[in-house]
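A.B. asks: Dropping in final14.txt, which is compact mmCIF, N, CA and C atoms:
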# COMPACT_ATOMS: atom_id res chain seq x y z
N MET F 1 -7.03 -39.85 25.25
CA MET F 1 -6.95 -38.50 25.80
C MET F 1 -5.69 -37.80 25.28
N VAL F 2 -5.82 -36.51 25.13
CA VAL F 2 -4.71 -35.67 24.68
C VAL F 2 -4.49 -34.60 25.73
N ASN F 3 -3.25 -34.38 26.10
CA ASN F 3 -2.91 -33.28 26.99
C ASN F 3 -2.72 -32.05 26.14
N PHE F 4 -3.46 -31.02 26.47
CA PHE F 4 -3.48 -29.79 25.69
C PHE F 4 -2.94 -28.68 26.57
N LYS F 5 -1.89 -28.02 26.12
CA LYS F 5 -1.25 -26.97 26.90
C LYS F 5 -1.87 -25.62 26.56
N LEU F 6 -2.43 -24.96 27.55
CA LEU F 6 -3.03 -23.64 27.38
C LEU F 6 -1.98 -22.56 27.55
N LYS F 7 -2.29 -21.36 27.04
CA LYS F 7 -1.41 -20.22 27.29
C LYS F 7 -1.31 -20.04 28.80
N GLY F 8 -0.14 -19.74 29.26
CA GLY F 8 0.07 -19.59 30.69
C GLY F 8 0.61 -20.85 31.33
N GLY F 9 0.69 -21.94 30.53
CA GLY F 9 1.31 -23.16 31.02
C GLY F 9 0.40 -24.21 31.60
N LYS F 10 -0.88 -23.90 31.82
CA LYS F 10 -1.79 -24.89 32.38
C LYS F 10 -2.06 -25.98 31.35
N THR F 11 -2.10 -27.23 31.79
CA THR F 11 -2.38 -28.35 30.92
C THR F 11 -3.72 -28.95 31.28
N ILE F 12 -4.55 -29.22 30.27
CA ILE F 12 -5.84 -29.86 30.50
C ILE F 12 -5.90 -31.12 29.64
N LYS F 13 -6.74 -32.06 30.04
CA LYS F 13 -6.93 -33.28 29.26
C LYS F 13 -8.21 -33.15 28.44
N VAL F 14 -8.08 -33.40 27.16
CA VAL F 14 -9.21 -33.39 26.24
C VAL F 14 -9.05 -34.61 25.33
N THR F 15 -10.09 -34.95 24.61
CA THR F 15 -9.99 -36.06 23.68
C THR F 15 -9.43 -35.57 22.35
N ALA F 16 -8.92 -36.49 21.57
CA ALA F 16 -8.45 -36.15 20.23
C ALA F 16 -9.61 -35.60 19.40
N ASP F 17 -10.83 -36.11 19.63
CA ASP F 17 -12.00 -35.59 18.93
C ASP F 17 -12.26 -34.13 19.28
N GLN F 18 -12.06 -33.75 20.53
CA GLN F 18 -12.28 -32.36 20.93
C GLN F 18 -11.26 -31.43 20.27
N VAL F 19 -10.02 -31.87 20.17
CA VAL F 19 -9.01 -31.07 19.47
C VAL F 19 -9.39 -30.97 17.99
N ALA F 20 -9.82 -32.07 17.40
CA ALA F 20 -10.24 -32.07 16.00
C ALA F 20 -11.45 -31.16 15.80
N ASP F 21 -12.36 -31.14 16.78
CA ASP F 21 -13.51 -30.23 16.70
C ASP F 21 -13.04 -28.78 16.57
N TYR F 22 -12.07 -28.40 17.39
CA TYR F 22 -11.53 -27.04 17.34
C TYR F 22 -10.90 -26.76 15.97
N LEU F 23 -10.06 -27.68 15.50
CA LEU F 23 -9.39 -27.48 14.22
C LEU F 23 -10.39 -27.41 13.07
N GLU F 24 -11.38 -28.29 13.10
CA GLU F 24 -12.40 -28.27 12.05
C GLU F 24 -13.20 -26.97 12.09
N ASN F 25 -13.53 -26.51 13.28
CA ASN F 25 -14.27 -25.25 13.41
C ASN F 25 -13.47 -24.09 12.81
N GLU F 26 -12.18 -24.08 13.04
CA GLU F 26 -11.35 -23.01 12.47
C GLU F 26 -11.37 -23.09 10.94
N ALA F 27 -11.34 -24.29 10.39
CA ALA F 27 -11.42 -24.45 8.93
C ALA F 27 -12.79 -24.00 8.41
N ARG F 28 -13.85 -24.35 9.13
CA ARG F 28 -15.20 -23.92 8.73
C ARG F 28 -15.30 -22.39 8.74
N GLU F 29 -14.75 -21.78 9.76
CA GLU F 29 -14.78 -20.31 9.85
C GLU F 29 -13.96 -19.69 8.72
N ASP F 30 -12.85 -20.31 8.35
CA ASP F 30 -12.05 -19.82 7.25
C ASP F 30 -12.85 -19.87 5.95
N SER F 31 -13.55 -20.98 5.71
CA SER F 31 -14.40 -21.09 4.51
C SER F 31 -15.47 -20.02 4.51
N LYS F 32 -16.07 -19.81 5.66
CA LYS F 32 -17.14 -18.81 5.79
C LYS F 32 -16.61 -17.41 5.46
N ARG F 33 -15.43 -17.06 6.00
CA ARG F 33 -14.83 -15.75 5.72
C ARG F 33 -14.58 -15.56 4.23
N LYS F 34 -14.27 -16.65 3.55
CA LYS F 34 -13.99 -16.59 2.11
C LYS F 34 -15.25 -16.71 1.26
N GLY F 35 -16.40 -16.91 1.91
CA GLY F 35 -17.66 -17.04 1.18
C GLY F 35 -17.77 -18.34 0.41
N LYS F 36 -17.10 -19.38 0.91
CA LYS F 36 -17.09 -20.68 0.24
C LYS F 36 -17.82 -21.72 1.07
N ASP F 37 -18.37 -22.72 0.40
CA ASP F 37 -18.92 -23.87 1.11
C ASP F 37 -17.76 -24.66 1.71
N PHE F 38 -17.96 -25.19 2.91
CA PHE F 38 -16.91 -25.93 3.58
C PHE F 38 -16.75 -27.32 2.98
N ASN F 39 -15.52 -27.67 2.65
CA ASN F 39 -15.16 -29.01 2.20
C ASN F 39 -13.86 -29.36 2.92
N PRO F 40 -13.86 -30.37 3.80
CA PRO F 40 -12.64 -30.67 4.55
C PRO F 40 -11.44 -31.01 3.67
N ASP F 41 -11.68 -31.54 2.47
CA ASP F 41 -10.56 -31.87 1.59
C ASP F 41 -9.87 -30.63 1.03
N ASP F 42 -10.46 -29.45 1.23
CA ASP F 42 -9.81 -28.20 0.84
C ASP F 42 -8.76 -27.77 1.86
N TYR F 43 -8.59 -28.55 2.92
CA TYR F 43 -7.68 -28.22 4.01
C TYR F 43 -6.70 -29.36 4.25
N TYR F 44 -5.46 -28.98 4.53
CA TYR F 44 -4.42 -29.95 4.86
C TYR F 44 -4.19 -29.92 6.36
N CYS F 45 -4.06 -31.10 6.95
CA CYS F 45 -3.73 -31.23 8.38
C CYS F 45 -2.45 -32.03 8.50
N GLY F 46 -1.52 -31.52 9.26
CA GLY F 46 -0.25 -32.21 9.45
C GLY F 46 0.25 -32.08 10.87
N ILE F 47 1.36 -32.76 11.13
CA ILE F 47 2.02 -32.66 12.44
C ILE F 47 3.47 -32.25 12.23
N THR F 48 3.99 -31.53 13.17
CA THR F 48 5.35 -31.00 13.02
C THR F 48 5.95 -30.66 14.38
N ASN F 49 7.23 -30.38 14.37
CA ASN F 49 7.90 -29.84 15.55
C ASN F 49 8.18 -28.35 15.38
N ASN F 50 7.82 -27.80 14.18
CA ASN F 50 8.12 -26.40 13.91
C ASN F 50 7.08 -25.84 12.92
N CYS F 51 6.08 -25.17 13.43
CA CYS F 51 4.99 -24.65 12.58
C CYS F 51 5.48 -23.62 11.57
N ASP F 52 6.39 -22.76 11.96
CA ASP F 52 6.89 -21.74 11.03
C ASP F 52 7.60 -22.40 9.84
N ARG F 53 8.42 -23.40 10.10
CA ARG F 53 9.12 -24.09 9.03
C ARG F 53 8.14 -24.77 8.09
N ARG F 54 7.11 -25.40 8.64
CA ARG F 54 6.13 -26.10 7.81
C ARG F 54 5.32 -25.11 6.96
N GLU F 55 5.01 -23.93 7.51
CA GLU F 55 4.34 -22.91 6.69
C GLU F 55 5.21 -22.58 5.48
N ASN F 56 6.49 -22.43 5.71
CA ASN F 56 7.42 -22.12 4.62
C ASN F 56 7.48 -23.29 3.64
N ASP F 57 7.61 -24.51 4.14
CA ASP F 57 7.69 -25.69 3.27
C ASP F 57 6.44 -25.85 2.41
N HIS F 58 5.27 -25.57 2.98
CA HIS F 58 4.01 -25.73 2.26
C HIS F 58 3.59 -24.48 1.49
N SER F 59 4.35 -23.39 1.62
CA SER F 59 3.96 -22.10 1.04
C SER F 59 2.54 -21.74 1.47
N SER F 60 2.32 -21.82 2.77
CA SER F 60 0.98 -21.64 3.32
C SER F 60 1.01 -20.76 4.56
N GLU F 61 -0.18 -20.47 5.03
CA GLU F 61 -0.34 -19.80 6.32
C GLU F 61 -1.32 -20.64 7.13
N ASN F 62 -0.85 -21.17 8.25
CA ASN F 62 -1.70 -22.02 9.07
C ASN F 62 -2.87 -21.22 9.62
N ILE F 63 -4.06 -21.80 9.55
CA ILE F 63 -5.22 -21.14 10.13
C ILE F 63 -5.44 -21.59 11.56
N ALA F 64 -4.82 -22.71 11.94
CA ALA F 64 -4.94 -23.20 13.31
C ALA F 64 -3.74 -24.09 13.64
N GLU F 65 -3.29 -23.99 14.89
CA GLU F 65 -2.19 -24.80 15.39
C GLU F 65 -2.52 -25.19 16.82
N VAL F 66 -2.27 -26.46 17.16
CA VAL F 66 -2.51 -26.94 18.52
C VAL F 66 -1.28 -27.71 18.96
N LYS F 67 -0.82 -27.42 20.17
CA LYS F 67 0.34 -28.13 20.70
C LYS F 67 -0.14 -29.21 21.67
N THR F 68 0.19 -30.45 21.35
CA THR F 68 -0.05 -31.56 22.28
C THR F 68 1.25 -31.79 23.05
N LEU F 69 1.25 -32.77 23.93
CA LEU F 69 2.46 -33.01 24.72
C LEU F 69 3.34 -34.12 24.18
N SER F 70 2.91 -34.78 23.07
CA SER F 70 3.74 -35.85 22.53
C SER F 70 3.43 -36.09 21.05
N ARG F 71 4.33 -36.76 20.40
CA ARG F 71 4.17 -37.15 19.00
C ARG F 71 2.98 -38.08 18.86
N ALA F 72 2.82 -39.01 19.80
CA ALA F 72 1.71 -39.96 19.74
C ALA F 72 0.36 -39.24 19.81
N GLN F 73 0.26 -38.24 20.68
CA GLN F 73 -0.99 -37.49 20.80
C GLN F 73 -1.28 -36.70 19.53
N ALA F 74 -0.27 -36.10 18.93
CA ALA F 74 -0.46 -35.36 17.68
C ALA F 74 -0.94 -36.32 16.59
N GLY F 75 -0.38 -37.52 16.56
CA GLY F 75 -0.80 -38.51 15.59
C GLY F 75 -2.25 -38.93 15.78
N GLU F 76 -2.70 -39.02 17.03
CA GLU F 76 -4.10 -39.35 17.30
C GLU F 76 -5.03 -38.31 16.68
N VAL F 77 -4.69 -37.04 16.87
CA VAL F 77 -5.51 -35.97 16.33
C VAL F 77 -5.51 -36.02 14.80
N GLU F 78 -4.35 -36.23 14.21
CA GLU F 78 -4.26 -36.29 12.75
C GLU F 78 -5.13 -37.43 12.19
N LYS F 79 -5.17 -38.56 12.88
CA LYS F 79 -6.01 -39.68 12.45
C LYS F 79 -7.49 -39.29 12.47
N VAL F 80 -7.91 -38.56 13.49
CA VAL F 80 -9.30 -38.11 13.56
C VAL F 80 -9.60 -37.15 12.41
N MET F 81 -8.67 -36.25 12.14
CA MET F 81 -8.87 -35.31 11.03
C MET F 81 -8.99 -36.06 9.70
N ASP F 82 -8.21 -37.10 9.51
CA ASP F 82 -8.31 -37.92 8.31
C ASP F 82 -9.70 -38.55 8.21
N SER F 83 -10.21 -39.06 9.33
CA SER F 83 -11.53 -39.70 9.32
C SER F 83 -12.65 -38.71 9.00
N ARG F 84 -12.36 -37.42 9.17
CA ARG F 84 -13.35 -36.37 8.87
C ARG F 84 -13.20 -35.82 7.45
N GLY F 85 -12.25 -36.36 6.69
CA GLY F 85 -12.11 -35.97 5.30
C GLY F 85 -11.04 -34.95 4.99
N PHE F 86 -10.27 -34.54 5.99
CA PHE F 86 -9.17 -33.59 5.76
C PHE F 86 -8.03 -34.31 5.05
N ASP F 87 -7.31 -33.58 4.21
CA ASP F 87 -6.13 -34.11 3.54
C ASP F 87 -5.02 -34.21 4.58
N VAL F 88 -4.47 -35.41 4.77
CA VAL F 88 -3.37 -35.59 5.71
C VAL F 88 -2.14 -36.18 5.02
N GLY F 89 -2.15 -36.13 3.70
CA GLY F 89 -1.03 -36.71 2.97
C GLY F 89 -1.28 -38.17 2.63
N ALA F 90 -0.20 -38.91 2.47
CA ALA F 90 -0.30 -40.30 2.01
C ALA F 90 -1.13 -41.18 2.94
N ARG F 91 -1.01 -40.96 4.23
CA ARG F 91 -1.81 -41.70 5.22
C ARG F 91 -1.75 -40.94 6.53
N PRO F 92 -2.75 -41.12 7.40
CA PRO F 92 -2.72 -40.40 8.67
C PRO F 92 -1.57 -40.86 9.55
N ASP F 93 -1.11 -39.96 10.39
CA ASP F 93 -0.02 -40.24 11.32
C ASP F 93 1.24 -40.68 10.58
N ASN F 94 1.50 -40.03 9.43
CA ASN F 94 2.61 -40.46 8.59
C ASN F 94 3.84 -39.56 8.66
N GLY F 95 3.70 -38.41 9.24
CA GLY F 95 4.81 -37.46 9.18
C GLY F 95 5.36 -37.11 10.54
N GLY F 96 6.17 -36.15 10.52
CA GLY F 96 6.72 -35.64 11.76
C GLY F 96 7.88 -36.47 12.28
N ARG F 97 8.53 -35.89 13.24
CA ARG F 97 9.66 -36.54 13.91
C ARG F 97 9.20 -36.94 15.30
N LYS F 98 10.07 -37.58 16.05
CA LYS F 98 9.67 -38.03 17.38
C LYS F 98 9.32 -36.87 18.31
N ASP F 99 9.79 -35.66 17.98
CA ASP F 99 9.47 -34.49 18.82
C ASP F 99 8.36 -33.63 18.22
N SER F 100 7.67 -34.14 17.20
CA SER F 100 6.58 -33.40 16.56
C SER F 100 5.32 -33.50 17.41
N CYS F 101 4.97 -32.41 18.06
CA CYS F 101 3.78 -32.41 18.93
C CYS F 101 2.76 -31.35 18.51
N TRP F 102 3.03 -30.63 17.45
CA TRP F 102 2.10 -29.63 16.93
C TRP F 102 1.23 -30.24 15.84
N VAL F 103 -0.06 -29.93 15.86
CA VAL F 103 -0.99 -30.28 14.78
C VAL F 103 -1.40 -28.96 14.14
N TYR F 104 -1.34 -28.89 12.83
CA TYR F 104 -1.65 -27.63 12.14
C TYR F 104 -2.60 -27.90 10.97
N VAL F 105 -3.32 -26.85 10.57
CA VAL F 105 -4.25 -26.92 9.45
C VAL F 105 -4.07 -25.67 8.61
N TYR F 106 -4.06 -25.85 7.28
CA TYR F 106 -4.06 -24.70 6.38
C TYR F 106 -4.98 -24.98 5.20
N ALA F 107 -5.44 -23.91 4.59
CA ALA F 107 -6.29 -24.00 3.40
C ALA F 107 -5.40 -24.25 2.18
N LYS F 108 -5.73 -25.27 1.42
CA LYS F 108 -5.01 -25.56 0.19
C LYS F 108 -5.49 -24.63 -0.91
N ASP F 109 -4.58 -24.23 -1.79
CA ASP F 109 -4.93 -23.47 -2.98
C ASP F 109 -3.87 -23.71 -4.04
N SER F 110 -3.93 -22.99 -5.13
CA SER F 110 -2.99 -23.22 -6.23
C SER F 110 -1.56 -22.86 -5.86
N GLN F 111 -1.35 -22.14 -4.78
CA GLN F 111 -0.01 -21.72 -4.37
C GLN F 111 0.62 -22.62 -3.32
N THR F 112 -0.20 -23.47 -2.67
CA THR F 112 0.33 -24.28 -1.57
C THR F 112 0.90 -25.60 -2.09
N ASN F 113 1.74 -26.21 -1.28
CA ASN F 113 2.37 -27.48 -1.60
C ASN F 113 2.17 -28.43 -0.44
N PRO F 114 1.38 -29.42 -0.46
CA PRO F 114 0.66 -29.95 -1.61
C PRO F 114 -0.58 -29.15 -1.87
Would you kindly transcribe this structure into structure tokens?

C.D. replies:
Amino acid sequence: MVNFKLKGGKTIKVTADQVADYLENEAREDSKRKGKDFNPDDYYCGITNNCDRRENDHSSENIAEVKTLSRAQAGEVEKVMDSRGFDVGARPDNGGRKDSCWVYVYAKDSQTNP
């Protein structure tokens, strides 16, 4: 289970798969807006403690961000995204600091890093 914080401060319990469903749906919608067939490997999923900094580091614009309540929960979601074919770097649950509770997704292109 993952604790998911809603706007307004309310916390609900959802599974890592449910969070991954949301993130994947956002990626699918992004592909649709661009008139492209969806391929999960066209998207990078990572974890961080600072989404703005990671956008700058990756030269990207996140299409979706989810805040969990812990680093372990963020890692659970990242592992699910890896199992669905999203690029998560060298291995799932490999990045972030102990305070990294955000999971983010962006579309990869020739300008992004990686």

A.B. asks: Report the residues of chain F whose backbone DSSP state falls under strand (DSSP E or B), written as a list in words.

C.D. replies: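 Taking chain F and keeping strand (DSSP E or B) only, one gets Val2, Asn3, Phe4, Lys5, Thr11, Ile12, Lys13, Val14, Tyr43, Tyr44, Cys45, Gly46, Ile47, Thr48, Asn62, Ile63, Ala64, Glu65, Val66, Lys67, Thr68, Asp87, Trp102, Val103, Tyr104, Val105, Tyr106 and Ala107 of chain F.
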
A.B. asks: Counting only N, CA and C atoms, which of F:Glu65, F:Asn50, F:Val14, F:Gln111 gets nearest to Asp99 in chain F?

C.D. replies: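 Of all the options, F:Asn50 lies closest to Asp99 in chain F.
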
A.B. asks: What does the distance from atom C of Lys79 in chain F to CA of Asn56 in chain F come to in Å, to one decimal?

C.D. replies: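 Separating atom C of Lys79 in chain F from CA of Asn56 in chain F is a distance of 24.1 Å.
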
A.B. asks: Go through chain F and collect every residue that DSSP, computed from the backbone, puts in helix (DSSP H, G or I); the answer should be as a VMD selection string.

C.D. replies: chain F and resid 16 to 33 40 to 42 51 to 58 71 to 83

A.B. asks: Identify, on the basis of only C-alpha atoms, every residue whose closest approach to Gln73 in chain F does not exceed 8 Å; exclude the query and any residue fewer than 4 positions from it along the same chain; express the result as an NGL selection string.

C.D. replies: :F and (1-3 or 16 or 68-69 or 77 or 101)

A.B. asks: For a test of reading the model, state the distance in Å between CA of Lys36 in chain F and CA of Thr15 in chain F, rounded to one decimal.

C.D. replies: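 Atom-to-atom, CA of Lys36 in chain F to CA of Thr15 in chain F, that is 28.9 Å.
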
A.B. asks: Restricting the calculation to only C-alpha atoms: of F:Ser100, F:Lys108, F:Asp57, F:Glu78, which residue gets closest to Cys45 in chain F?

C.D. replies: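 Closest residue, counting only C-alpha atoms: F:Glu78.
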
A.B. asks: Could you state the separation of atom C of Ala27 in chain F and atom N of Ala90 in chain F in Å, given to one decimal place?

C.D. replies: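 Computing it gives 20.4 Å between the two atoms.
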
A.B. asks: Need to verify the contact set: Asn39 in chain F, 8 Å, all atoms listed in the file, exclusion of same-chain residues closer than 4 positions in sequence. Can you return it as a VMD selection string?

C.D. replies: chain F and resid 27 to 28 31 43 84 to 87

A.B. asks: With N, CA and C atoms retained, export the selected residues as a PDB file, in the coordinates of the input.

C.D. replies:
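Below is the file that was written, part_7.pdb:
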ATOM      1  N   ALA F  27     -11.340 -24.290  10.390  1.00  0.00           N
ATOM      2  CA  ALA F  27     -11.420 -24.450   8.930  1.00  0.00           C
ATOM      3  C   ALA F  27     -12.790 -24.000   8.410  1.00  0.00           C
ATOM      4  N   ARG F  28     -13.850 -24.350   9.130  1.00  0.00           N
ATOM      5  CA  ARG F  28     -15.200 -23.920   8.730  1.00  0.00           C
ATOM      6  C   ARG F  28     -15.300 -22.390   8.740  1.00  0.00           C
ATOM      7  N   SER F  31     -13.550 -20.980   5.710  1.00  0.00           N
ATOM      8  CA  SER F  31     -14.400 -21.090   4.510  1.00  0.00           C
ATOM      9  C   SER F  31     -15.470 -20.020   4.510  1.00  0.00           C
ATOM     10  N   TYR F  43      -8.590 -28.550   2.920  1.00  0.00           N
ATOM     11  CA  TYR F  43      -7.680 -28.220   4.010  1.00  0.00           C
ATOM     12  C   TYR F  43      -6.700 -29.360   4.250  1.00  0.00           C
ATOM     13  N   ARG F  84     -12.360 -37.420   9.170  1.00  0.00           N
ATOM     14  CA  ARG F  84     -13.350 -36.370   8.870  1.00  0.00           C
ATOM     15  C   ARG F  84     -13.200 -35.820   7.450  1.00  0.00           C
ATOM     16  N   GLY F  85     -12.250 -36.360   6.690  1.00  0.00           N
ATOM     17  CA  GLY F  85     -12.110 -35.970   5.300  1.00  0.00           C
ATOM     18  C   GLY F  85     -11.040 -34.950   4.990  1.00  0.00           C
ATOM     19  N   PHE F  86     -10.270 -34.540   5.990  1.00  0.00           N
ATOM     20  CA  PHE F  86      -9.170 -33.590   5.760  1.00  0.00           C
ATOM     21  C   PHE F  86      -8.030 -34.310   5.050  1.00  0.00           C
ATOM     22  N   ASP F  87      -7.310 -33.580   4.210  1.00  0.00           N
ATOM     23  CA  ASP F  87      -6.130 -34.110   3.540  1.00  0.00           C
ATOM     24  C   ASP F  87      -5.020 -34.210   4.580  1.00  0.00           C
TER      25      ASP F  87
END

A.B. asks: Could you pull the residues within 6.5 Å of Arg97 in chain F, counting only N, CA and C atoms, minus those fewer than 2 positions along the same chain, as a list in words?

C.D. replies: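 The contact residues come out as Ile47, Thr48, Asn49, Arg71, Gly95, Asp99 and Ser100 of chain F.
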
A.B. asks: With only N, CA and C atoms as the atoms that count, which of F:Ser70, F:Thr11, F:Ser83, F:Ser60 lies nearest to Asp109 in chain F?

C.D. replies: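 Looking at the shortest contact to Asp109 in chain F, the residue is F:Ser60.
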
A.B. asks: With distances taken over only C-alpha atoms, which residue among F:Lys34, F:Val105, F:Met81, F:Ala74 lies nearest Ala20 in chain F?

C.D. replies: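 Once distances to Ala20 in chain F are computed over only C-alpha atoms, the minimum belongs to F:Met81.
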
A.B. asks: Taking all atoms listed in the file into account, which of F:Asp30, F:Arg91, F:Ile12, F:Pro114 comes nearest Ile63 in chain F?

C.D. replies: F:Asp30

A.B. asks: Please write a file for range 36-63 of chain F, taken from the block I just shared, that holds N, CA and C atoms and is laid out as a PDB file, in the first residue's frame.

C.D. replies:
ATOM      1  N   LYS F  36       0.923  10.140 -31.375  1.00  0.00           N
ATOM      2  CA  LYS F  36       1.881   9.043 -31.443  1.00  0.00           C
ATOM      3  C   LYS F  36       1.296   7.788 -30.804  1.00  0.00           C
ATOM      4  N   ASP F  37       1.758   6.634 -31.261  1.00  0.00           N
ATOM      5  CA  ASP F  37       1.416   5.387 -30.590  1.00  0.00           C
ATOM      6  C   ASP F  37       2.137   5.355 -29.247  1.00  0.00           C
ATOM      7  N   PHE F  38       1.470   4.827 -28.231  1.00  0.00           N
ATOM      8  CA  PHE F  38       2.063   4.777 -26.902  1.00  0.00           C
ATOM      9  C   PHE F  38       3.105   3.673 -26.809  1.00  0.00           C
ATOM     10  N   ASN F  39       4.273   4.031 -26.305  1.00  0.00           N
ATOM     11  CA  ASN F  39       5.343   3.086 -26.001  1.00  0.00           C
ATOM     12  C   ASN F  39       5.905   3.504 -24.647  1.00  0.00           C
ATOM     13  N   PRO F  40       5.773   2.668 -23.609  1.00  0.00           N
ATOM     14  CA  PRO F  40       6.234   3.083 -22.285  1.00  0.00           C
ATOM     15  C   PRO F  40       7.720   3.422 -22.235  1.00  0.00           C
ATOM     16  N   ASP F  41       8.528   2.822 -23.111  1.00  0.00           N
ATOM     17  CA  ASP F  41       9.959   3.122 -23.114  1.00  0.00           C
ATOM     18  C   ASP F  41      10.261   4.530 -23.623  1.00  0.00           C
ATOM     19  N   ASP F  42       9.264   5.207 -24.178  1.00  0.00           N
ATOM     20  CA  ASP F  42       9.430   6.602 -24.592  1.00  0.00           C
ATOM     21  C   ASP F  42       9.322   7.555 -23.403  1.00  0.00           C
ATOM     22  N   TYR F  43       9.094   7.004 -22.213  1.00  0.00           N
ATOM     23  CA  TYR F  43       8.894   7.799 -21.001  1.00  0.00           C
ATOM     24  C   TYR F  43       9.856   7.365 -19.908  1.00  0.00           C
ATOM     25  N   TYR F  44      10.352   8.361 -19.180  1.00  0.00           N
ATOM     26  CA  TYR F  44      11.244   8.108 -18.051  1.00  0.00           C
ATOM     27  C   TYR F  44      10.450   8.287 -16.761  1.00  0.00           C
ATOM     28  N   CYS F  45      10.649   7.377 -15.825  1.00  0.00           N
ATOM     29  CA  CYS F  45      10.030   7.472 -14.499  1.00  0.00           C
ATOM     30  C   CYS F  45      11.140   7.483 -13.462  1.00  0.00           C
ATOM     31  N   GLY F  46      11.077   8.437 -12.564  1.00  0.00           N
ATOM     32  CA  GLY F  46      12.088   8.533 -11.514  1.00  0.00           C
ATOM     33  C   GLY F  46      11.482   8.939 -10.195  1.00  0.00           C
ATOM     34  N   ILE F  47      12.339   8.967  -9.181  1.00  0.00           N
ATOM     35  CA  ILE F  47      11.925   9.434  -7.856  1.00  0.00           C
ATOM     36  C   ILE F  47      12.858  10.550  -7.413  1.00  0.00           C
ATOM     37  N   THR F  48      12.325  11.467  -6.654  1.00  0.00           N
ATOM     38  CA  THR F  48      13.109  12.632  -6.258  1.00  0.00           C
ATOM     39  C   THR F  48      12.532  13.272  -4.999  1.00  0.00           C
ATOM     40  N   ASN F  49      13.276  14.195  -4.447  1.00  0.00           N
ATOM     41  CA  ASN F  49      12.767  15.031  -3.365  1.00  0.00           C
ATOM     42  C   ASN F  49      12.454  16.443  -3.869  1.00  0.00           C
ATOM     43  N   ASN F  50      12.735  16.688  -5.183  1.00  0.00           N
ATOM     44  CA  ASN F  50      12.529  18.018  -5.730  1.00  0.00           C
ATOM     45  C   ASN F  50      12.226  17.915  -7.233  1.00  0.00           C
ATOM     46  N   CYS F  51      10.968  17.954  -7.595  1.00  0.00           N
ATOM     47  CA  CYS F  51      10.559  17.790  -9.000  1.00  0.00           C
ATOM     48  C   CYS F  51      11.095  18.896  -9.895  1.00  0.00           C
ATOM     49  N   ASP F  52      11.106  20.126  -9.422  1.00  0.00           N
ATOM     50  CA  ASP F  52      11.608  21.232 -10.238  1.00  0.00           C
ATOM     51  C   ASP F  52      13.086  21.029 -10.580  1.00  0.00           C
ATOM     52  N   ARG F  53      13.876  20.630  -9.601  1.00  0.00           N
ATOM     53  CA  ARG F  53      15.298  20.402  -9.833  1.00  0.00           C
ATOM     54  C   ARG F  53      15.504  19.283 -10.839  1.00  0.00           C
ATOM     55  N   ARG F  54      14.733  18.206 -10.722  1.00  0.00           N
ATOM     56  CA  ARG F  54      14.880  17.075 -11.640  1.00  0.00           C
ATOM     57  C   ARG F  54      14.465  17.458 -13.066  1.00  0.00           C
ATOM     58  N   GLU F  55      13.437  18.297 -13.202  1.00  0.00           N
ATOM     59  CA  GLU F  55      13.083  18.782 -14.546  1.00  0.00           C
ATOM     60  C   GLU F  55      14.284  19.495 -15.160  1.00  0.00           C
ATOM     61  N   ASN F  56      14.932  20.317 -14.369  1.00  0.00           N
ATOM     62  CA  ASN F  56      16.105  21.048 -14.850  1.00  0.00           C
ATOM     63  C   ASN F  56      17.237  20.080 -15.178  1.00  0.00           C
ATOM     64  N   ASP F  57      17.508  19.120 -14.296  1.00  0.00           N
ATOM     65  CA  ASP F  57      18.581  18.151 -14.520  1.00  0.00           C
ATOM     66  C   ASP F  57      18.351  17.329 -15.785  1.00  0.00           C
ATOM     67  N   HIS F  58      17.102  16.955 -16.041  1.00  0.00           N
ATOM     68  CA  HIS F  58      16.768  16.122 -17.198  1.00  0.00           C
ATOM     69  C   HIS F  58      16.465  16.943 -18.456  1.00  0.00           C
ATOM     70  N   SER F  59      16.438  18.266 -18.338  1.00  0.00           N
ATOM     71  CA  SER F  59      16.018  19.133 -19.450  1.00  0.00           C
ATOM     72  C   SER F  59      14.655  18.690 -19.963  1.00  0.00           C
ATOM     73  N   SER F  60      13.734  18.535 -19.038  1.00  0.00           N
ATOM     74  CA  SER F  60      12.422  17.974 -19.363  1.00  0.00           C
ATOM     75  C   SER F  60      11.311  18.764 -18.681  1.00  0.00           C
ATOM     76  N   GLU F  61      10.103  18.385 -19.031  1.00  0.00           N
ATOM     77  CA  GLU F  61       8.922  18.890 -18.337  1.00  0.00           C
ATOM     78  C   GLU F  61       8.110  17.674 -17.919  1.00  0.00           C
ATOM     79  N   ASN F  62       7.941  17.505 -16.615  1.00  0.00           N
ATOM     80  CA  ASN F  62       7.205  16.350 -16.115  1.00  0.00           C
ATOM     81  C   ASN F  62       5.758  16.412 -16.571  1.00  0.00           C
ATOM     82  N   ILE F  63       5.239  15.282 -17.035  1.00  0.00           N
ATOM     83  CA  ILE F  63       3.831  15.230 -17.415  1.00  0.00           C
ATOM     84  C   ILE F  63       2.979  14.766 -16.248  1.00  0.00           C
TER      85      ILE F  63
END
